[in-house]
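Structure, as structure tokens:
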Amino acid sequence: MPSYSGGLGVLAGDTIRAAADLRLPMVAVSLLYRKGYFTQRLAEDGSQSEEPVEWRVEDFLTEEPSRASVPIEDRRVELRCWRYAVKGVHGFEVPVYFLDADLPSNAEADRALTGTLYGGDSYYRLRQEVLLGIGGVRMLRAMGYGDLTRYHMNEGHAALLTLELLGEEAQKAGRKSIRGEDIEKVRGKCVFTTHTPVPAGHDRFPMEFLTRVFPAQADFLDLNDATTADLMKRALQAEQNFPGLQEAARQGASLNMTQLALGLSTYVNGVAKQHGETSRQMFPGAAIEAITNGVHAGTWTSAPFQQLFDRYISSWREDNYSLRSALGLPAEEVWAAHLIAKHDLLEVVRKKTGLKFDHEAFTIGFARRATGYKRADLILADLDRLRQIAKNAGQFQIVYAGKAHPNDGGGKDIIRRIFHAKKALRKTVPVVFLDDYNLELGGKVTSGVDLWLNTPQFPLEASGTSGMKAALNGVPSLSILDGWWVEGHIEGVTGWCIGESRRTAAGNTPADNTAEAESLYNKLESVILPMYYNDRAKFLEVMQHAIAINGSFFNTQRMVQQYITDAYLR
């Protein structure tokens with residue numbers, strides 16, 4: 001069901017699966033993207049083109065009879081929703097509701113709002129966020145969800161739900177405008193998670209857009225009320241209070257959706273300890289905690305490792321922490337499971353590209369969104385050095401996968417550079433780039449390689465979860481010390497680091513690509529390849545520690561339990 005893109009969409013699914021496993025009474029709301037996130041086509045030179053994904057909603061989802069509507073400009077946009085039931089390990093279900101504006105009663109422009117994930121301009125995006133935030137709350141009410149105790153916003157995209165909750169509080173008090181007491185009540189219900197240290201991930205909309213979308217709501221916020229005025233001053237990132245929203249629009253103010261969510265949440269967190277620190281620097285004065293992300297163990301553990309765990313650690317699905325017992329697994333059976341997963345991946349390589357990769361050669365994996373700060377081509381900085389390493393330390397091959405955002409020219413350039421390097425390296429260091437990256441392919445790569453490579457530019461990796469998926473399958477990481485790897489890294493035990501720790505006051509200096517590439521090459525040549533080829537028992541120890549230490553902790557079961565205690569029951 002191609003209704004998502006990237007790490008946050010996958011994390012949302014994993015979170016819901018874990019909530020179902022834990023029998024947590026939760027409901028999830030998203031938008032329905034009928035055109036899906038694109039099918040990727042790659043030309044001979046690595047140039048990417050995109051095609052819409054055709055999928056039949058009715059094959060996956062059940063339409064609900066309830067309807068809701070939201071005001072946009074001078075129109076009322078009608079919404080329906082589709083239900084998907086996520087079943088937990090004990091059969092408990094968490095419903096996911098997909099909001100859909102593609103109804104005959106709506107104008108054509110409004111029907112298209114639930115068509116494309118990243119479609120249109122920023123005004124299109126704002127209208128989508130109106131459907132998600134305001135429409136989401138209204139749809140929940142229409143379906144009888146009147147007693148929800150917490151509203152968990154992931155990124156600022158859903159922040160407008162706070163305005164709908166504020167409106168409900170004012171209506172209960174018989175008022176048309178919002179006051180400070182309403183803000184305090186709503187704040188007590190809302191939880192906000194920021195997932196990115198990248199500025200583009202924080203939506204800002206000109207107030208002119210807001211007054212255009214809500215022309216009748218100019219007096220919605222009582223700016224004579226001190227609490228309300230303070231909230232809006234922060235959300236607008238303004239030096240002064242505006243007498244009204246129309247005046248704010250005339251003065252060129254813009255609404256920062258992250259600041260709106262920050263100001264209306266009782267608990268705010270980043271998605272790794274390092275990211276919590278980075279977020280506090282980005283939003284001075286905000287009380288931002290940290291809950292480190294995880295992945296759903298039952299989903300991302302490959303079939304051969306599932307069978308291995310079922311034999312020796314029977315409770316692992318219900319209790320992911322029991323994977324700490326992986327140190328006691330028979331090493332030869334861990335290796336056998338790994339070889340099956342590796343064979344499955346190399347079969348995908350053969351079927352997709354016609355290339356026959358060597359099953360005995362050390363295989364490095366890199367599969368994630370193709371964008372500049374992730375630096376997928378860092379390992380390709382010095383091709384002569386790579387040839388030397390292969391000659392001196394042992395043969396290795398690299399498997400790439402990942403889509404670039406359709407508008408990310410830099411990301412597309414990276415894919416082309418990888419294709420160029422692939423031709424230059426030829427058979428000395430075999431390189432392959434698998435097209436049309438999706439959940440299934442991602443799972444094959446994270447489980448089937450011998451080493452997971454992660455090279456983000458510090459401090460732009462909020463958390464990262466692909467290395468966690470690899471760890472569940474006994475695949476160690478070689479990574480920059482950013483995001484989750486700051487917590488998961490034990491040198492030579494769970495994997496290896498590239499460069500030094502940057503968790504210092506001077507840690508935000510620009511990345512030295514040359515020095516970090518050299519560190520990567522040194523670890524590969526001097527430590528990792530010799531261990532793989534000459535001390536297989538030691539390499540297997542690292543594999544088992546990856547499962548026992550990182551697989552047992554960096555999962556959504558632990559993550560959701562932490563949200564319950566730190567955020568939902570707060």
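Numbering starts fresh at 1 for the residues of each chain in the structure tokens, the chains themselves are lettered A, B, ... in the order given, and ligands are numbered from 1 as they appear.
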
Original post:
Neighbours of region 492-494 of chain A within 10 Å (only C-alpha atoms; same-chain residues fewer than 4 positions away dropped), as a PyMOL selection string?
Top reply: chain A and resi 471+474-478+485+488+527-528+538-539+541-550

Original post:
Of the residues A:Leu8, A:Val86, A:Val445, A:Ala112, which is the one nearest to His338 (chain A), using only C-alpha atoms?
Top reply: A:Val445

Considering only C-alpha atoms, give me a table of residues in region 376-493 of chain A that are at most 7 Å from region 288-304 of chain A, with the closest atom pair and distance in Å for each, as CSV.
residue,atom,partner,partner_atom,distance
A:Gly443,CA,A:Trp300,CA,6.2
A:Ser447,CA,A:Ser302,CA,6.2
A:Ser463,CA,A:Asn293,CA,6.6
A:Thr465,CA,A:Gly294,CA,6.6
A:Met468,CA,A:Val295,CA,6.6
A:Lys469,CA,A:Trp300,CA,5.7
A:Leu472,CA,A:Thr301,CA,5.8
A:Asn473,CA,A:Thr301,CA,5.9
A:Trp484,CA,A:Thr292,CA,6.9

**OP:** Please run DSSP on the backbone and report, as a ChimeraX atom specification, all residues within region 326-544 of chain A that come out as alpha helix (DSSP H).
**Re:** /A:331-353,383-393,409-425,439-448,466-472,485-488,513-523,529-534,536-544
